[in-house]
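Visitor: Quick one: the structure is below, questions incoming.
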Amino acid sequence: MEIGFFFWPYTPELIERMARAAESWGYDMIGIADTPGNAMDPWVAASVVARETSRARVALCVTNLSSRHPSVSAAAISSLDLLAPGRTVLGLGAGHSGTRNLGLPSSGLRDMDDGIRFIKTLTSGEPAALGGAASHLPWARTGPRVFLAGSGPRTLRLAGGIADGAFVNFGIARENLAYSEALVAEGARAAGRAAEDVETWQIASLDCNLDGGAARRRAGAILAFMAGGYILASDDLDERGVPAEYHEKVRELRRRYSTRPGEADAELVDELGLFDYLAGRFAIHGTPEQCLAQLSAARDAGLKRVMFTVSVASDPAGTVELFGERVLPAIRAG
């Protein structure tokens, strides 16, 4: 199993500590979230991570095409690849908190399709045009990998059709894994590609703490953010894999959650009786022993690659270090 994590880069000290943890404990990928208003600029943070690591892959997990023009992101990821050759990933999404907190619109499927093709051409060193404007990065040669983040069927099919990989926000329970990965594979086959050519990473939240209660309390906040904001943001909850018994509760969660996760969101998840369902689908949380048991079950259900969000864990850096020390060796040994 390949395991990585991504986080909001609040301070330079946190960025450096996270990078050291990734390198020390053998995480496969470290990602930086693009959330203006919540944290530091992601490209500054990613540059620090690139300099502080030599093995782990460095990803933008994820940015968008609204707050940053595709040519800007293409130049940025190609520049980052000069600092970490062959280790970089540009994760792109339609936009959630990173656009909403700025009052910007999310990108549609056509925008994502055009933007990814444009970026992949530019980062290979070839000239490209988008919206009537021509761009060229003649110094770009290595072609960093471009991933598309998604949770809905159309976005996951698009990822399979045009991207190098997918960051999948759909859940790590057996039925969720099977459904989401089948959609990526379907998109790949429709584009004449092999499914295995698309590198699929599942997204889940992680909070590992010696105090299991503290981990549980904080887990609710990120679960509300993930589920209420974008994974289950559809009028068709059957399509998003939500059992009928939870439909009204999920709709109420979507009406009331915040784009800046906090205690109110965690309390809302409990109030609506959604914690067990959402945690079972989207989270690994608790003591190291509990995290190991949950992750082992997910691996047995078919989980092969996972990127953990740790931004609002009870102790983000402590979570990454404790999980790296106590859980990673055990899961890889098993």
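If you're wondering about the labels, chains in the structure tokens are A, B, ... by order shown, residues count from 1 in each chain, ligands from 1 in order shown.
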What's around region 195-207 of chain A at 6 Å? Count only C-alpha atoms, leave out sequence neighbours fewer than 3 positions away in its own chain, and write the answer as an MDAnalysis selection string.
Guide: chainID A and resid 164:169 185 188 215 282:285 305:310 313 319
Visitor: Nearest to Pro138 (chain A) among A:Thr121, A:Ser314, A:Ser180, A:Thr53, with distances taken over only C-alpha atoms: which residue is it?
Guide: A:Thr121
Visitor: Would you mind listing what lies within 8 Å of Ala227 (chain A) as a list in words, with only C-alpha atoms counted and same-chain residues fewer than 4 positions away left out?
Guide: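 Within the cut-off, the hits are Leu223, Ile231, Leu232, Ala233, Arg254 and Leu278 of chain A.
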Visitor: When distances are computed from only C-alpha atoms, which of A:Gly143, A:Gly91, A:Gly334, A:Gly115 shows the smallest separation from Ser71 (chain A)?
Guide: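 Closest candidate: A:Gly115.
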Visitor: Which residues, written as number ranges by chain, have at least one atom at most 10 Å from Tyr230 (chain A), with only C-alpha atoms counted and residues fewer than 6 positions away on the same chain left out?
Guide: A: 94-97, 150-152, 169-170, 224, 254
Visitor: Save out the residues we just selected, N, CA and C atoms, as a PDB file, in the first residue's frame.
Guide:
ATOM      1  N   ALA A  94     -12.194  21.057  -9.293  1.00  0.00           N
ATOM      2  CA  ALA A  94     -13.141  22.074  -9.736  1.00  0.00           C
ATOM      3  C   ALA A  94     -13.108  23.296  -8.845  1.00  0.00           C
ATOM      4  N   GLY A  95     -12.699  23.117  -7.606  1.00  0.00           N
ATOM      5  CA  GLY A  95     -12.657  24.224  -6.643  1.00  0.00           C
ATOM      6  C   GLY A  95     -13.731  24.052  -5.589  1.00  0.00           C
ATOM      7  N   HIS A  96     -13.310  24.200  -4.315  1.00  0.00           N
ATOM      8  CA  HIS A  96     -14.278  24.152  -3.211  1.00  0.00           C
ATOM      9  C   HIS A  96     -13.974  25.341  -2.304  1.00  0.00           C
ATOM     10  N   SER A  97     -13.361  25.106  -1.155  1.00  0.00           N
ATOM     11  CA  SER A  97     -13.062  26.233  -0.269  1.00  0.00           C
ATOM     12  C   SER A  97     -12.074  27.201  -0.924  1.00  0.00           C
ATOM     13  N   GLY A 150     -11.746  14.282  -7.947  1.00  0.00           N
ATOM     14  CA  GLY A 150     -13.167  14.236  -8.210  1.00  0.00           C
ATOM     15  C   GLY A 150     -13.900  13.295  -7.291  1.00  0.00           C
ATOM     16  N   SER A 151     -15.214  13.473  -7.240  1.00  0.00           N
ATOM     17  CA  SER A 151     -16.064  12.585  -6.451  1.00  0.00           C
ATOM     18  C   SER A 151     -17.286  12.127  -7.228  1.00  0.00           C
ATOM     19  N   GLY A 152     -17.648  12.846  -8.287  1.00  0.00           N
ATOM     20  CA  GLY A 152     -18.816  12.482  -9.073  1.00  0.00           C
ATOM     21  C   GLY A 152     -18.464  11.620 -10.269  1.00  0.00           C
ATOM     22  N   ASN A 169     -12.322  11.325  -4.150  1.00  0.00           N
ATOM     23  CA  ASN A 169     -13.048  11.624  -2.917  1.00  0.00           C
ATOM     24  C   ASN A 169     -14.386  10.894  -2.945  1.00  0.00           C
ATOM     25  N   PHE A 170     -14.383   9.616  -2.663  1.00  0.00           N
ATOM     26  CA  PHE A 170     -15.652   8.889  -2.700  1.00  0.00           C
ATOM     27  C   PHE A 170     -15.829   7.941  -1.526  1.00  0.00           C
ATOM     28  N   ALA A 224     -17.529  16.732   8.154  1.00  0.00           N
ATOM     29  CA  ALA A 224     -18.546  17.669   7.680  1.00  0.00           C
ATOM     30  C   ALA A 224     -18.043  18.424   6.460  1.00  0.00           C
ATOM     31  N   ARG A 254     -25.451  19.455   4.529  1.00  0.00           N
ATOM     32  CA  ARG A 254     -25.035  20.344   3.458  1.00  0.00           C
ATOM     33  C   ARG A 254     -25.578  21.753   3.641  1.00  0.00           C
TER      34      ARG A 254
END
Visitor: Check the DSSP output for the backbone and give back, as a PyMOL selection string, the residues of region 100-315 of chain A in strand (DSSP E).
Guide: chain A and resi 128-130+133-135+145-150+165-168+199-208+283-286+305-309
Visitor: For the atom pair CA of Pro36 (chain A) and CA of Arg17 (chain A), what is the interatomic distance in Å to one decimal place?
Guide: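 So the answer is 21.2 Å.
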